[in-house]
Number of protein chains: 2
Amino acid sequence: MVSTDPQEKSRRAYKQENMSDRIELAQNAARRMVPVMVNGRPQIPYLGVNEYQPRGRKATPPVRSSKDYPENGDKRVDDLETALRKCGLRDGMVISNHHHLRDGDRVALLALEAAAKIGVQNLMWFPSASFPSQKSAIDLMQAGVIHHIEGSMNGPLGDYCTQGKMRGMGVLRSHGGRWQAIQDGEVHIDIAVIAAPTADAFGNADGSHGKSACGSLGFALADSIYADQVIVVTDNLVPFPCIPWQIQGNNVDYVVEVESIGDPAKIVSGTTQITRSPDRLRIAELVARFLRATGIMRNGFSFQAGAGGIALAFVDYLRQMMKEDGVRARFVRGGSTRYLVEMMQEGLTDYILDGQTFDLDAVKSIASDPRHVPTSPFTSYNFHGKGNFASLVDAVVLGATEVDVNFNGNVVTHSDGRLLHGIGGWQNCLAAGCAILAVPSFRDRIPVIVDEVTTLTGPGELIDVVVTERGIAINPRRQDLLDAAKESKLPIRPIQDIKAEVERICGGKPAPPKLGNHPVAVVKWVDGTVLDTVWQIS
Amino acid sequence: MVSTDPQEKSRRAYKQENMSDRIELAQNAARRMVPVMVNGRPQIPYLGVNEYQPRGRKATPPVRSSKDYPENGDKRVDDLETALRKCGLRDGMVISNHHHLRDGDRVALLALEAAAKIGVQNLMWFPSASFPSQKSAIDLMQAGVIHHIEGSMNGPLGDYCTQGKMRGMGVLRSHGGRWQAIQDGEVHIDIAVIAAPTADAFGNADGSHGKSACGSLGFALADSIYADQVIVVTDNLVPFPCIPWQIQGNNVDYVVEVESIGDPAKIVSGTTQITRSPDRLRIAELVARFLRATGIMRNGFSFQAGAGGIALAFVDYLRQMMKEDGVRARFVRGGSTRYLVEMMQEGLTDYILDGQTFDLDAVKSIASDPRHVPTSPFTSYNFHGKGNFASLVDAVVLGATEVDVNFNGNVVTHSDGRLLHGIGGWQNCLAAGCAILAVPSFRDRIPVIVDEVTTLTGPGELIDVVVTERGIAINPRRQDLLDAAKESKLPIRPIQDIKAEVERICGGKPAPPKLGNHPVAVVKWVDGTVLDTVWQIS
């Protein structure tokens, strides 16, 4: 049995890897050195945009029989520990969680602590993202319960990883890349633990209702479909059927009721706030004016912007311009906020296609308005599907920690090499018709435009425009955009010019990071190949 | 390559089987003789209810890459022939269709005729059901384009099969069994051709809007997920995004626009009609009174009834009783009609969980009311999932062509042995808390209650009650129901008594069918095992 179970193989591989600190590296098509083996699995170095051709068939969960599930549909068990025991939790398994409850989530730690109580070791924790409130996962790593984390590590967990303290390597994937990795069998989830703001005893689950409502549950969809065992944890049990069923009970093994799945105040903002910084407002306005001037803002167009301060301000400027010009969008993509909701209510867009729901107005909208549609990384971002929505979006407005003169972007590390952020949908969104990085030209007197990004997260050939408060740089590959903006009064400048100006202000380039030669994490590209390495900070 | 492709193996097996007429039989747990090999694939004879333990993992479609699909999401090609050629259509492939357009469908024949034009041979046609308007598929079988049909065969195609003229064996599956067969890899769909009343160029598709609206598209869901290649055919193309996306474009390869996907008059009834027969009205009323008398009709209960005349009349009687008693259902299951829609509008049920949408009122409701929820065979019926909805339904009212003294039911053949009907969701529904056959005691002077059903479609241990115009027979296994009905004034009678009375009226038992010893089709049980055989009529 043991020799035919890919999970067992992987568990043995952990051990071998731990015995040796030498990790073989190879140079990829972006000229970055990347490990050829990560956590016991061989890797394909990045081959270039659209160069990797996947083969084979998708991963596949076990066939089950209804005869082994309760006839009355009641899959409740007493607590998470019982559920994990019934799932056959054992050493080296992969446990997954979603992050729709963001920094308010209580369920992931509940599950990991229950695993600790059961006494298992060397779990791979596979959250769609982890947050500062989950920093006690560090204790579980030090106690050996968690071997390593694959998933976005925001804040302290990322920092812990860059210090080289995690026994395995971190693997950073985009939202679409996480779906791709599960679907393609690169990550096999043994047990998915899904926090559900509303659920029924059969396991149907919904994120848009209940005291802990978070809107869409799309990040948990792949886990529910592909995991061997699925546990739904809810603090709002309703009689069957739970409608809508964003997660289908037909994929669920056990349901656990708890007092609270999270802290509502940290799950969604009461209301999201536009930036008040004059520089950032200027960036937002320039982005909106750029879309108007280049004709991207036209009837039937689409755009995506997140919930950060600049993005929200951009949406507000664009909304005004759309009203002035009588332009209506076909759809807008969230991260949804009240700004997008108001646009739909004002008739400025037909639909909101929503991946994450950030504030109370957006949660209320997705719960009640059929034009506000929850999406998943499958529909929106999975690169190994038959297309996805990302390339159908006309313009996307994104952030970055760094961008270099070749338009390469970094969103995961700071210039000092510390890993502090996840990729989110950022890589996936670069497929949009016009991918715009809207960034201040410096932060804390450290320039954002650099010679070469510390960690390559997005290839420059996919980043079309960089908008700063000091001007707009258009990627020379996009002659069409250069032409379209030519007659405008916008401050279009070569990226090198902006960089030189910022270095004069800041007193030079950022200090080079002090990196060791020990890889602590890898950045996957949307196709599962390895785009770059995060190095231990020496 | 050839030797590792399961499809190629299956194609070769067709040939071998054709060379010999001897088909090995085995007796199954229901004491029925069944073939051990069907269309080149080894079979498992039925082992009894809940006896078969599936193993292994689900079937899985190929991994694709977005780089091989249009960046702008426009997957349209000129016509079905082009789409089939691009899919690499070749001899021996499996082509699937759904039957939500019922006898009004034009797309399945369009696809098969395009295949004929391309010149391929020996296709396996895998519709979720076939209808009399598709009888020209017989010509395609005679021309060698179609090797055989696996799927419900209503009318002429079933008749053709029982005459022994089809080169392969018919395989009759329930709606849930079809999902199970696809999911478990028993049937590998090479190309799914999905008729869509509304779609966008990316392939998102919806059944609830458009001139050819049919409501739910649930029968096509498995095809869209598991087929190697998926073609969406629509007569109502809308700009991306088509909302709701009952079929997800991320599973779709090509989109074809046609003038008309079907005849709206035959796709849905203008309005569904209650029976006017006094005997059938009496049956319907007895069923409703039975549910009331036994306490099954209570607050929060659920029921399922189809769109036949007796079922509609039953719903109308029950509605009245629910109003009188102040009872509200939690959910009702369709086949949905205006009777269910009115019940929801009157506050008699919280939800309609809809598998098929039968009339214009129901189509309008599913298109606009979020409490009217489309379901799929995965949610409702798949026995090889982690449970399904069917066993959560308190009572289901079904028809039958025959029922025997051991409560075994037949829905596919008539007493003369002719195969004229599909199974539909009938087998799956037997999992309900109380499975009721509501049948006239004789039809055309042929008794419906018999010593032994011609073709076993449902095991008697799952059939709880038989309601005829001459009385109600409760399965002796259900002492709880016998007790619950004891104090009522309902005509509860042993099934043998009703049978004897009917035989006196009709002048004896039905004439035994003249069956040969050549199997022409098999009836699968919900777990994929072989429950019974349909024999060539001699």
# chains A, B, ... in the order shown; residues from 1 in each chain; ligands from 1
$ residues_around --residues "His384 (chain B)" --least-positions-apart "2" --cutoff "12 Å" --atoms "only C-alpha atoms" --output "ChimeraX atom specification"
/A:61-69,250-251 /B:50,52-58,176-185,377-382,386-388,428,525-528
$ closest_atom_pairs --of "region 438-459 of chain A" --to "region 291-313 of chain A" --cutoff "12 Å" --atoms "only C-alpha atoms" --output "Markdown table"
| residue | atom | partner | partner_atom | distance |
| --- | --- | --- | --- | --- |
| A:Ala438 | CA | A:Ile310 | CA | 7.5 |
| A:Val439 | CA | A:Ile310 | CA | 8.3 |
| A:Pro440 | CA | A:Ile310 | CA | 9.5 |
$ residues_around --residues "Asp316 (chain B)" --least-positions-apart "4" --cutoff "10 Å" --atoms "only C-alpha atoms" --output "ChimeraX atom specification"
/B:274,284-285,288,310-312,320-322,339-340,343
$ residues_around --residues "Asn28 (chain B)" --least-positions-apart "3" --cutoff "6 Å" --atoms "only C-alpha atoms" --output "mmCIF file with N, CA and C atoms, in the first residue's frame"
data_model
loop_
_atom_site.group_PDB
_atom_site.id
_atom_site.type_symbol
_atom_site.label_atom_id
_atom_site.label_comp_id
_atom_site.auth_asym_id
_atom_site.auth_seq_id
_atom_site.Cartn_x
_atom_site.Cartn_y
_atom_site.Cartn_z
ATOM 1 N N ARG B 31 -32.128 -12.325 -8.583
ATOM 2 C CA ARG B 31 -32.435 -13.552 -9.319
ATOM 3 C C ARG B 31 -32.802 -13.266 -10.768
ATOM 4 N N ARG B 32 -32.219 -12.257 -11.317
ATOM 5 C CA ARG B 32 -32.409 -11.944 -12.731
ATOM 6 C C ARG B 32 -31.124 -12.322 -13.473
ATOM 7 N N PRO B 45 -22.905 -7.766 -11.712
ATOM 8 C CA PRO B 45 -24.333 -8.029 -11.500
ATOM 9 C C PRO B 45 -24.782 -7.393 -10.181
ATOM 10 N N TYR B 46 -26.005 -6.938 -10.166
ATOM 11 C CA TYR B 46 -26.607 -6.309 -8.969
ATOM 12 C C TYR B 46 -26.388 -7.182 -7.735
#
$ select_by_dssp --residues "region 292-354 of chain A" --states "strand (DSSP E)" --output "PyMOL selection string"
chain A and resi 302-305+329-333+349-354
$ write_last_selection --atoms "C-alpha atoms" --output "JSON list (two decimals), in the first residue's frame"
[["chain", "number", "residue", "atom", "x", "y", "z"],
["A", 302, "SER", "CA", -14.97, 46.01, -17.90],
["A", 303, "PHE", "CA", -12.47, 46.67, -15.17],
["A", 304, "GLN", "CA", -11.14, 45.21, -11.95],
["A", 305, "ALA", "CA", -9.82, 47.05, -8.91],
["A", 329, "ALA", "CA", -19.70, 48.88, -18.11],
["A", 330, "ARG", "CA", -20.82, 45.34, -18.91],
["A", 331, "PHE", "CA", -19.22, 44.01, -15.75],
["A", 332, "VAL", "CA", -16.84, 44.99, -13.00],
["A", 333, "ARG", "CA", -14.77, 42.56, -10.97],
["A", 349, "THR", "CA", -22.52, 48.32, -14.70],
["A", 350, "ASP", "CA", -24.74, 45.35, -15.51],
["A", 351, "TYR", "CA", -22.92, 42.91, -13.20],
["A", 352, "ILE", "CA", -20.40, 42.58, -10.39],
["A", 353, "LEU", "CA", -18.38, 39.37, -10.73],
["A", 354, "ASP", "CA", -17.11, 38.95, -7.22]]
$ atom_distance --atom1 "CA of Cys429 (chain A)" --atom2 "CA of Arg41 (chain A)"
27.3 Å
$ closest_residue --among "B:Pro491, B:Gly203, B:Gly92, B:Pro42" --to "chain A" --atoms "only C-alpha atoms"
B:Gly203
$ atom_distance --atom1 "CA of Gln345 (chain B)" --atom2 "CA of Lys364 (chain B)"
12.8 Å
$ closest_residue --among "B:Val373, B:Ile446, B:Ala143, B:Ala222" --to "chain A" --atoms "only C-alpha atoms"
B:Val373
$ residues_around --residues "Ile463 (chain A)" --least-positions-apart "6" --cutoff "12 Å" --atoms "only C-alpha atoms" --output "VMD selection string"
chain A and resid 395 to 400 403 to 410 426 to 438 457 473 to 478
$ closest_residue --among "A:Ala59, A:Met166, A:Ala521, A:Ile472" --to "chain B" --atoms "only C-alpha atoms"
A:Ala59
$ select_by_dssp --residues "region 116-184 of chain B" --states "alpha helix (DSSP H)" --output "number ranges by chain"
B: 116-118, 137-142, 156-162, 175-183
